[in-house]
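S.K.: Data: query_15.cif, mmCIF, C-alpha atoms.
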```cif
data_run
loop_
_atom_site.group_PDB
_atom_site.id
_atom_site.type_symbol
_atom_site.label_atom_id
_atom_site.label_comp_id
_atom_site.auth_asym_id
_atom_site.auth_seq_id
_atom_site.Cartn_x
_atom_site.Cartn_y
_atom_site.Cartn_z
ATOM 1 C CA MET A 1293 107.958 95.017 123.973
ATOM 2 C CA ILE A 1294 108.152 92.688 120.950
ATOM 3 C CA ILE A 1295 104.499 91.669 121.382
ATOM 4 C CA ARG A 1296 103.429 95.316 121.498
ATOM 5 C CA HIS A 1297 105.275 96.004 118.230
ATOM 6 C CA LEU A 1298 103.702 92.943 116.595
ATOM 7 C CA ILE A 1299 100.219 94.087 117.624
ATOM 8 C CA LEU A 1300 100.926 97.585 116.303
ATOM 9 C CA LEU A 1301 102.230 96.126 113.028
ATOM 10 C CA ALA A 1302 99.113 93.929 112.682
ATOM 11 C CA LEU A 1303 96.852 96.939 113.243
ATOM 12 C CA LEU A 1304 98.732 98.960 110.630
ATOM 13 C CA LEU A 1305 98.641 96.123 108.076
ATOM 14 C CA THR A 1306 94.887 95.634 108.456
ATOM 15 C CA GLY A 1307 94.264 99.355 108.144
ATOM 16 C CA ALA A 1308 92.752 99.581 111.625
ATOM 17 C CA LEU A 1309 94.899 102.600 112.482
ATOM 18 C CA LEU A 1310 94.548 104.475 109.199
ATOM 19 C CA PRO A 1311 92.387 107.614 109.426
ATOM 20 C CA GLU A 1312 89.505 107.998 106.981
ATOM 21 C CA SER A 1313 89.827 104.413 105.787
ATOM 22 C CA ALA A 1314 87.815 101.229 105.597
ATOM 23 C CA THR A 1315 89.048 97.652 105.674
ATOM 24 C CA ALA A 1316 87.784 94.467 104.044
ATOM 25 C CA GLY A 1317 84.632 92.822 105.296
ATOM 26 C CA GLY A 1318 83.431 96.022 106.914
ATOM 27 C CA SER A 1319 81.545 98.967 105.565
ATOM 28 C CA PHE A 1320 82.631 102.365 104.427
ATOM 29 C CA SER A 1321 79.117 103.748 103.863
ATOM 30 C CA GLY A 1322 79.132 105.018 107.444
ATOM 31 C CA LYS A 1323 82.188 107.118 106.661
ATOM 32 C CA VAL A 1324 80.421 108.517 103.591
ATOM 33 C CA VAL A 1325 77.389 109.502 105.708
ATOM 34 C CA GLY A 1326 79.589 111.721 107.886
ATOM 35 C CA ILE A 1327 81.636 113.156 105.029
ATOM 36 C CA SER A 1328 82.127 116.921 104.734
ATOM 37 C CA ASP A 1329 83.234 119.148 101.882
ATOM 38 C CA GLY A 1330 86.921 118.672 101.145
ATOM 39 C CA ASP A 1331 87.198 115.143 102.604
ATOM 40 C CA THR A 1332 89.030 112.151 101.174
ATOM 41 C CA ILE A 1333 87.769 108.643 101.872
ATOM 42 C CA LYS A 1334 90.427 105.945 101.352
ATOM 43 C CA VAL A 1335 89.138 102.405 101.044
ATOM 44 C CA GLY A 1336 91.587 99.539 101.484
ATOM 45 C CA LYS A 1337 91.854 96.212 99.716
ATOM 46 C CA GLY A 1338 88.902 93.882 100.150
ATOM 47 C CA MET A 1339 85.255 93.288 99.277
ATOM 48 C CA PHE A 1340 82.417 95.521 100.407
ATOM 49 C CA GLY A 1341 78.785 94.564 99.775
ATOM 50 C CA GLU A 1342 76.923 97.842 99.804
ATOM 51 C CA GLN A 1343 75.504 100.827 97.997
ATOM 52 C CA VAL A 1344 77.363 104.138 98.273
ATOM 53 C CA GLU A 1345 75.509 107.447 97.951
ATOM 54 C CA LEU A 1346 77.125 110.885 97.785
ATOM 55 C CA ALA A 1347 74.880 113.961 97.691
ATOM 56 C CA ASN A 1348 75.315 117.745 97.850
ATOM 57 C CA LEU A 1349 79.082 117.630 98.401
ATOM 58 C CA ASN A 1350 82.059 119.641 97.117
ATOM 59 C CA ASP A 1351 85.732 118.731 96.699
ATOM 60 C CA ILE A 1352 85.398 115.024 97.589
ATOM 61 C CA THR A 1353 87.770 112.169 96.744
ATOM 62 C CA LEU A 1354 86.679 108.542 97.038
ATOM 63 C CA GLN A 1355 89.857 106.503 96.571
ATOM 64 C CA GLY A 1356 90.012 102.719 96.380
ATOM 65 C CA SER A 1357 93.011 100.449 96.515
ATOM 66 C CA LYS A 1358 92.044 97.093 94.999
ATOM 67 C CA SER A 1359 88.660 97.652 96.630
ATOM 68 C CA LEU A 1360 85.680 95.641 95.344
ATOM 69 C CA ILE A 1361 82.203 97.088 95.818
ATOM 70 C CA ASP A 1362 79.601 94.410 95.099
ATOM 71 C CA GLY A 1363 76.243 96.055 94.495
ATOM 72 C CA GLU A 1364 74.457 92.806 95.336
ATOM 73 C CA GLY A 1365 71.676 93.621 92.871
ATOM 74 C CA VAL A 1366 70.847 97.182 94.011
ATOM 75 C CA ARG A 1367 69.781 99.831 91.489
ATOM 76 C CA ALA A 1368 73.111 101.710 91.295
ATOM 77 C CA THR A 1369 76.199 100.739 93.242
ATOM 78 C CA VAL A 1370 77.831 104.183 93.558
ATOM 79 C CA THR A 1371 75.603 107.244 93.089
ATOM 80 C CA ALA A 1372 76.673 110.903 93.178
ATOM 81 C CA THR A 1373 73.954 113.560 93.074
ATOM 82 C CA ASN A 1374 74.439 117.347 93.026
ATOM 83 C CA CYS A 1375 78.167 117.178 93.774
ATOM 84 C CA GLN A 1376 80.918 119.494 92.539
ATOM 85 C CA ARG A 1377 84.579 118.602 92.098
ATOM 86 C CA LEU A 1378 84.274 114.883 92.825
ATOM 87 C CA THR A 1379 86.900 112.200 92.116
ATOM 88 C CA ILE A 1380 86.237 108.441 92.190
ATOM 89 C CA SER A 1381 89.281 106.243 91.560
ATOM 90 C CA GLY A 1382 90.665 102.746 91.985
ATOM 91 C CA PHE A 1383 87.508 100.692 92.537
ATOM 92 C CA HIS A 1384 86.214 97.396 91.152
ATOM 93 C CA ILE A 1385 82.434 97.816 91.004
ATOM 94 C CA ARG A 1386 80.056 95.029 89.985
ATOM 95 C CA ASN A 1387 76.572 93.516 90.173
ATOM 96 C CA SER A 1388 74.202 96.468 90.123
ATOM 97 C CA THR A 1389 70.794 96.347 88.469
ATOM 98 C CA GLY A 1390 71.451 99.917 87.289
ATOM 99 C CA ALA A 1391 74.725 101.675 86.537
ATOM 100 C CA GLY A 1392 77.905 100.728 88.351
ATOM 101 C CA ILE A 1393 78.606 104.447 88.843
ATOM 102 C CA ARG A 1394 75.711 106.919 88.392
ATOM 103 C CA ILE A 1395 76.499 110.638 88.311
ATOM 104 C CA LEU A 1396 73.488 112.986 88.300
ATOM 105 C CA ASP A 1397 73.291 116.796 88.367
ATOM 106 C CA CYS A 1398 77.001 117.187 89.142
ATOM 107 C CA ASP A 1399 79.758 119.451 87.822
ATOM 108 C CA THR A 1400 83.469 118.664 87.443
ATOM 109 C CA VAL A 1401 83.649 114.928 88.117
ATOM 110 C CA THR A 1402 86.540 112.543 87.447
ATOM 111 C CA VAL A 1403 86.171 108.753 87.339
ATOM 112 C CA THR A 1404 89.526 107.072 86.803
ATOM 113 C CA LYS A 1405 91.213 103.678 86.965
ATOM 114 C CA CYS A 1406 88.056 101.762 87.906
ATOM 115 C CA LEU A 1407 86.946 98.313 86.756
ATOM 116 C CA LEU A 1408 83.182 98.048 86.247
ATOM 117 C CA GLU A 1409 81.623 94.715 85.347
ATOM 118 C CA ASP A 1410 78.373 92.808 85.248
ATOM 119 C CA ASN A 1411 76.194 95.884 85.712
ATOM 120 C CA TRP A 1412 72.704 95.650 84.256
ATOM 121 C CA ALA A 1413 72.618 99.157 82.781
ATOM 122 C CA GLU A 1414 75.758 101.186 82.059
ATOM 123 C CA GLY A 1415 79.147 100.763 83.640
ATOM 124 C CA ILE A 1416 79.352 104.558 84.064
ATOM 125 C CA ASN A 1417 76.383 106.888 83.543
ATOM 126 C CA ALA A 1418 76.713 110.688 83.740
ATOM 127 C CA ASP A 1419 73.377 112.461 83.323
ATOM 128 C CA HIS A 1420 72.703 116.209 83.585
ATOM 129 C CA THR A 1421 76.391 116.631 84.376
ATOM 130 C CA ASP A 1422 79.044 118.888 82.832
ATOM 131 C CA ASN A 1423 82.854 118.766 82.920
ATOM 132 C CA VAL A 1424 83.131 115.001 83.314
ATOM 133 C CA SER A 1425 86.477 113.226 82.900
ATOM 134 C CA ILE A 1426 86.201 109.453 82.458
ATOM 135 C CA LEU A 1427 89.798 108.266 82.241
ATOM 136 C CA LYS A 1428 91.543 104.873 82.023
ATOM 137 C CA ASN A 1429 88.602 102.724 83.173
ATOM 138 C CA THR A 1430 87.672 99.214 82.066
ATOM 139 C CA VAL A 1431 83.995 98.373 81.588
ATOM 140 C CA ARG A 1432 82.980 94.760 80.931
ATOM 141 C CA PHE A 1433 79.723 92.903 80.432
ATOM 142 C CA SER A 1434 77.260 95.791 80.857
ATOM 143 C CA ASP A 1435 73.792 95.099 79.463
ATOM 144 C CA GLY A 1436 73.434 98.768 78.457
ATOM 145 C CA HIS A 1437 76.109 101.134 77.170
ATOM 146 C CA GLY A 1438 79.608 100.749 78.574
ATOM 147 C CA ILE A 1439 79.858 104.509 79.230
ATOM 148 C CA ALA A 1440 76.979 106.965 78.752
ATOM 149 C CA VAL A 1441 77.129 110.758 78.974
ATOM 150 C CA ARG A 1442 73.743 112.399 78.476
ATOM 151 C CA ARG A 1443 71.853 115.648 78.917
ATOM 152 C CA GLY A 1444 73.953 118.166 80.769
ATOM 153 C CA MET A 1445 72.700 120.910 83.039
ATOM 154 C CA SER A 1446 71.664 122.922 79.988
ATOM 155 C CA ASP A 1447 69.967 119.887 78.353
ATOM 156 C CA ALA A 1448 73.154 118.844 76.564
ATOM 157 C CA SER A 1449 76.239 117.701 78.441
ATOM 158 C CA ALA A 1450 79.304 119.799 77.727
ATOM 159 C CA ASP A 1451 83.058 119.598 78.087
ATOM 160 C CA CYS A 1452 83.295 115.872 78.785
ATOM 161 C CA ARG A 1453 86.526 113.927 78.307
ATOM 162 C CA ILE A 1454 86.345 110.180 77.753
ATOM 163 C CA ILE A 1455 89.950 109.073 77.304
ATOM 164 C CA GLY A 1456 91.867 105.794 77.507
ATOM 165 C CA ASN A 1457 88.943 103.574 78.484
ATOM 166 C CA THR A 1458 88.353 99.958 77.469
ATOM 167 C CA VAL A 1459 84.804 98.708 76.925
ATOM 168 C CA VAL A 1460 84.229 94.981 76.324
ATOM 169 C CA GLU A 1461 80.945 93.237 75.487
ATOM 170 C CA SER A 1462 78.390 95.924 76.275
ATOM 171 C CA GLY A 1463 74.780 95.356 75.236
ATOM 172 C CA GLY A 1464 74.498 98.876 73.811
ATOM 173 C CA SER A 1465 77.146 101.197 72.446
ATOM 174 C CA GLY A 1466 80.611 101.036 73.905
ATOM 175 C CA ILE A 1467 80.440 104.793 74.489
ATOM 176 C CA ALA A 1468 77.264 106.846 74.036
ATOM 177 C CA ALA A 1469 77.527 110.641 74.314
ATOM 178 C CA SER A 1470 75.107 113.462 73.589
ATOM 179 C CA GLY A 1471 75.856 117.141 73.873
ATOM 180 C CA ALA A 1472 78.696 119.331 72.735
ATOM 181 C CA ASP A 1473 82.432 119.801 73.077
ATOM 182 C CA HIS A 1474 83.279 116.242 74.047
ATOM 183 C CA ARG A 1475 86.703 114.734 73.636
ATOM 184 C CA ILE A 1476 86.675 110.961 73.112
ATOM 185 C CA GLU A 1477 90.002 109.201 72.580
ATOM 186 C CA LYS A 1478 91.293 105.674 72.666
#
```
Take the structure in the file and give it back as structure tokens.

M.R.:
Amino acid sequence: MIIRHLILLALLLTGALLPESATAGGSFSGKVVGISDGDTIKVGKGMFGEQVELANLNDITLQGSKSLIDGEGVRATVTATNCQRLTISGFHIRNSTGAGIRILDCDTVTVTKCLLEDNWAEGINADHTDNVSILKNTVRFSDGHGIAVRRGMSDASADCRIIGNTVVESGGSGIAASGADHRIEK
């Protein structure tokens, strides 16, 4: 009986029994491939060497917990295209040859409490996207802008909130924003 409880405890601690989760050394891209509108993907502590792509989805949460995604030199490490009501939180994202997080043609996106570093382009890039909230992130050592919000769906991004972020040693502007009705605060 004691051995059975120890095995169960070990499985719980490694995350092997948690639904909709991924554990260190594995991959969570497979879970993203099968994702449906309204899903939450929880990624546990550890390092994941992969590229994550989200496309044509609604009401999605991608939630990390001390989770490192190493882009290993791919163009963009996390890419969201044509998504609505998307939240990305709690990740450490590094080593892309593009943006750490690239958001394209989306509406109502929140990126919060992420650490983005050593990305060749921007740490966070939102292009042709409206209603973006970029909150409490740290961006370090990007060759391009730390955070860039450009051309919204109507050629000028609108209603974007960039609040409480820290940008250190970016090659371009710390924060670059075009469009109207943005709120940028320290």

S.K.: Restricting the calculation to all atoms listed in the file: of A:Val1403, A:Leu1396, A:Ile1416, A:Ala1391, which residue gets closest to Thr1369 of chain A?

M.R.: A:Ala1391

S.K.: What would the selection look like, as a PyMOL selection string, if the PyMOL selection byres ((chain A and resi 1424) around 6) were run on the coordinates I just shared?

M.R.: chain A and resi 1400-1402+1422-1423+1425+1452

S.K.: Which of these residues is nearest to Asp1329 of chain A, using all atoms listed in the file: A:Arg1377, A:Ser1359, A:Ala1372, A:Thr1430?

M.R.: A:Arg1377

S.K.: Enumerate, as a PDB file with C-alpha atoms, keeping the file's coordinate frame, the residues matched when the PyMOL selection byres ((chain A and resi 1378) around 6) is run on the file above.

M.R.:
```
ATOM      1  CA  ASP A1351      85.732 118.731  96.699  1.00  0.00           C
ATOM      2  CA  ILE A1352      85.398 115.024  97.589  1.00  0.00           C
ATOM      3  CA  THR A1353      87.770 112.169  96.744  1.00  0.00           C
ATOM      4  CA  GLN A1376      80.918 119.494  92.539  1.00  0.00           C
ATOM      5  CA  ARG A1377      84.579 118.602  92.098  1.00  0.00           C
ATOM      6  CA  THR A1379      86.900 112.200  92.116  1.00  0.00           C
ATOM      7  CA  VAL A1401      83.649 114.928  88.117  1.00  0.00           C
TER       8      VAL A1401
END
```

S.K.: Please measure the separation of atom CA of Gly1336 of chain A and atom CA of Leu1349 of chain A, giving the value in Å to one decimal.

M.R.: 22.2 Å

S.K.: Report, in Å with one decimal, the straight-line distance from atom CA of Ser1381 of chain A to atom CA of Gly1330 of chain A.

M.R.: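 Interatomic distance, atom CA of Ser1381 of chain A to atom CA of Gly1330 of chain A: 15.9 Å.
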
S.K.: Can you pull out every residue within 10 Å of Lys1358 of chain A, counting all atoms listed in the file, but drop anything in the same chain fewer than 5 positions away, and send it as a VMD selection string?

M.R.: chain A and resid 1335 to 1339 1382 to 1384 1406 to 1407

S.K.: Go through A:Ile1455, A:Ile1380, A:Ile1385, A:Leu1427 one by one, measure the shortest atom-to-atom distance of each to Gln1355 of chain A using only C-alpha atoms, and give the residue with the smallest value.

M.R.: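 Counting only C-alpha atoms, the residue closest to Gln1355 of chain A is A:Ile1380.
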
S.K.: Give me the residues within 12 Å of Ile1393 of chain A as a PyMOL selection string, counting only C-alpha atoms and dropping any in the same chain fewer than 5 places off.

M.R.: chain A and resi 1343-1346+1361-1363+1366-1373+1379-1381+1383-1388+1401-1404+1406-1409+1411-1419+1426+1429+1431+1434+1438-1441

S.K.: Just to confirm, what's the straight-line distance from atom CA of Gly1390 of chain A to atom CA of Gly1456 of chain A in Å (one decimal)?

M.R.: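 Atom CA of Gly1456 of chain A lies 23.4 Å from atom CA of Gly1390 of chain A.
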
S.K.: Since the input lacks atoms, please generate N, CA and C atoms for segment 1338-1367 of chain A and provide them as an mmCIF file, keeping the file's coordinate frame.

M.R.:
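Writing done, so here's out_23.cif:
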```cif
data_model
loop_
_atom_site.group_PDB
_atom_site.id
_atom_site.type_symbol
_atom_site.label_atom_id
_atom_site.label_comp_id
_atom_site.auth_asym_id
_atom_site.auth_seq_id
_atom_site.Cartn_x
_atom_site.Cartn_y
_atom_site.Cartn_z
ATOM 1 N N GLY A 1338 89.910 94.775 99.608
ATOM 2 C CA GLY A 1338 88.902 93.882 100.150
ATOM 3 C C GLY A 1338 87.585 94.019 99.437
ATOM 4 N N MET A 1339 86.584 93.257 99.880
ATOM 5 C CA MET A 1339 85.255 93.288 99.277
ATOM 6 C C MET A 1339 84.263 93.935 100.220
ATOM 7 N N PHE A 1340 83.430 94.806 99.649
ATOM 8 C CA PHE A 1340 82.417 95.521 100.407
ATOM 9 C C PHE A 1340 81.085 95.325 99.694
ATOM 10 N N GLY A 1341 80.106 94.762 100.359
ATOM 11 C CA GLY A 1341 78.785 94.564 99.775
ATOM 12 C C GLY A 1341 77.873 95.679 100.232
ATOM 13 N N GLU A 1342 77.745 96.707 99.396
ATOM 14 C CA GLU A 1342 76.923 97.842 99.804
ATOM 15 C C GLU A 1342 76.664 98.789 98.651
ATOM 16 N N GLN A 1343 75.817 99.749 98.923
ATOM 17 C CA GLN A 1343 75.504 100.827 97.997
ATOM 18 C C GLN A 1343 76.059 102.109 98.602
ATOM 19 N N VAL A 1344 76.747 102.908 97.788
ATOM 20 C CA VAL A 1344 77.363 104.138 98.273
ATOM 21 C C VAL A 1344 76.654 105.324 97.637
ATOM 22 N N GLU A 1345 76.205 106.272 98.462
ATOM 23 C CA GLU A 1345 75.509 107.447 97.951
ATOM 24 C C GLU A 1345 76.196 108.708 98.446
ATOM 25 N N LEU A 1346 76.533 109.583 97.489
ATOM 26 C CA LEU A 1346 77.125 110.885 97.785
ATOM 27 C C LEU A 1346 76.160 111.951 97.281
ATOM 28 N N ALA A 1347 75.833 112.934 98.108
ATOM 29 C CA ALA A 1347 74.880 113.961 97.691
ATOM 30 C C ALA A 1347 75.264 115.317 98.273
ATOM 31 N N ASN A 1348 75.132 116.355 97.433
ATOM 32 C CA ASN A 1348 75.315 117.745 97.850
ATOM 33 C C ASN A 1348 76.674 117.995 98.490
ATOM 34 N N LEU A 1349 77.739 117.505 97.854
ATOM 35 C CA LEU A 1349 79.082 117.630 98.401
ATOM 36 C C LEU A 1349 80.003 118.333 97.411
ATOM 37 N N ASN A 1350 81.059 118.953 97.930
ATOM 38 C CA ASN A 1350 82.059 119.641 97.117
ATOM 39 C C ASN A 1350 83.456 119.172 97.495
ATOM 40 N N ASP A 1351 84.315 119.046 96.485
ATOM 41 C CA ASP A 1351 85.732 118.731 96.699
ATOM 42 C C ASP A 1351 85.924 117.422 97.468
ATOM 43 N N ILE A 1352 85.349 116.339 96.938
ATOM 44 C CA ILE A 1352 85.398 115.024 97.589
ATOM 45 C C ILE A 1352 86.223 114.068 96.743
ATOM 46 N N THR A 1353 87.034 113.238 97.410
ATOM 47 C CA THR A 1353 87.770 112.169 96.744
ATOM 48 C C THR A 1353 87.398 110.858 97.411
ATOM 49 N N LEU A 1354 86.965 109.899 96.592
ATOM 50 C CA LEU A 1354 86.679 108.542 97.038
ATOM 51 C C LEU A 1354 87.713 107.665 96.354
ATOM 52 N N GLN A 1355 88.678 107.165 97.134
ATOM 53 C CA GLN A 1355 89.857 106.503 96.571
ATOM 54 C C GLN A 1355 89.934 105.057 97.040
ATOM 55 N N GLY A 1356 89.893 104.133 96.073
ATOM 56 C CA GLY A 1356 90.012 102.719 96.380
ATOM 57 C C GLY A 1356 91.408 102.216 96.106
ATOM 58 N N SER A 1357 91.728 101.106 96.729
ATOM 59 C CA SER A 1357 93.011 100.449 96.515
ATOM 60 C C SER A 1357 92.731 98.947 96.424
ATOM 61 N N LYS A 1358 92.462 98.482 95.212
ATOM 62 C CA LYS A 1358 92.044 97.093 94.999
ATOM 63 C C LYS A 1358 90.809 96.792 95.832
ATOM 64 N N SER A 1359 89.877 97.735 95.836
ATOM 65 C CA SER A 1359 88.660 97.652 96.630
ATOM 66 C C SER A 1359 87.500 97.223 95.737
ATOM 67 N N LEU A 1360 86.818 96.149 96.102
ATOM 68 C CA LEU A 1360 85.680 95.641 95.344
ATOM 69 C C LEU A 1360 84.398 96.065 96.037
ATOM 70 N N ILE A 1361 83.534 96.763 95.307
ATOM 71 C CA ILE A 1361 82.203 97.088 95.818
ATOM 72 C C ILE A 1361 81.227 96.224 95.038
ATOM 73 N N ASP A 1362 80.583 95.296 95.722
ATOM 74 C CA ASP A 1362 79.601 94.410 95.099
ATOM 75 C C ASP A 1362 78.226 94.985 95.390
ATOM 76 N N GLY A 1363 77.551 95.425 94.332
ATOM 77 C CA GLY A 1363 76.243 96.055 94.495
ATOM 78 C C GLY A 1363 75.145 95.114 94.938
ATOM 79 N N GLU A 1364 75.406 93.820 94.870
ATOM 80 C CA GLU A 1364 74.457 92.806 95.336
ATOM 81 C C GLU A 1364 73.052 93.033 94.794
ATOM 82 N N GLY A 1365 72.970 93.480 93.522
ATOM 83 C CA GLY A 1365 71.676 93.621 92.871
ATOM 84 C C GLY A 1365 70.908 94.892 93.191
ATOM 85 N N VAL A 1366 71.548 95.920 93.756
ATOM 86 C CA VAL A 1366 70.847 97.182 94.011
ATOM 87 C C VAL A 1366 70.821 98.011 92.731
ATOM 88 N N ARG A 1367 70.002 99.028 92.693
ATOM 89 C CA ARG A 1367 69.781 99.831 91.489
ATOM 90 C C ARG A 1367 71.074 100.428 90.940
#
```
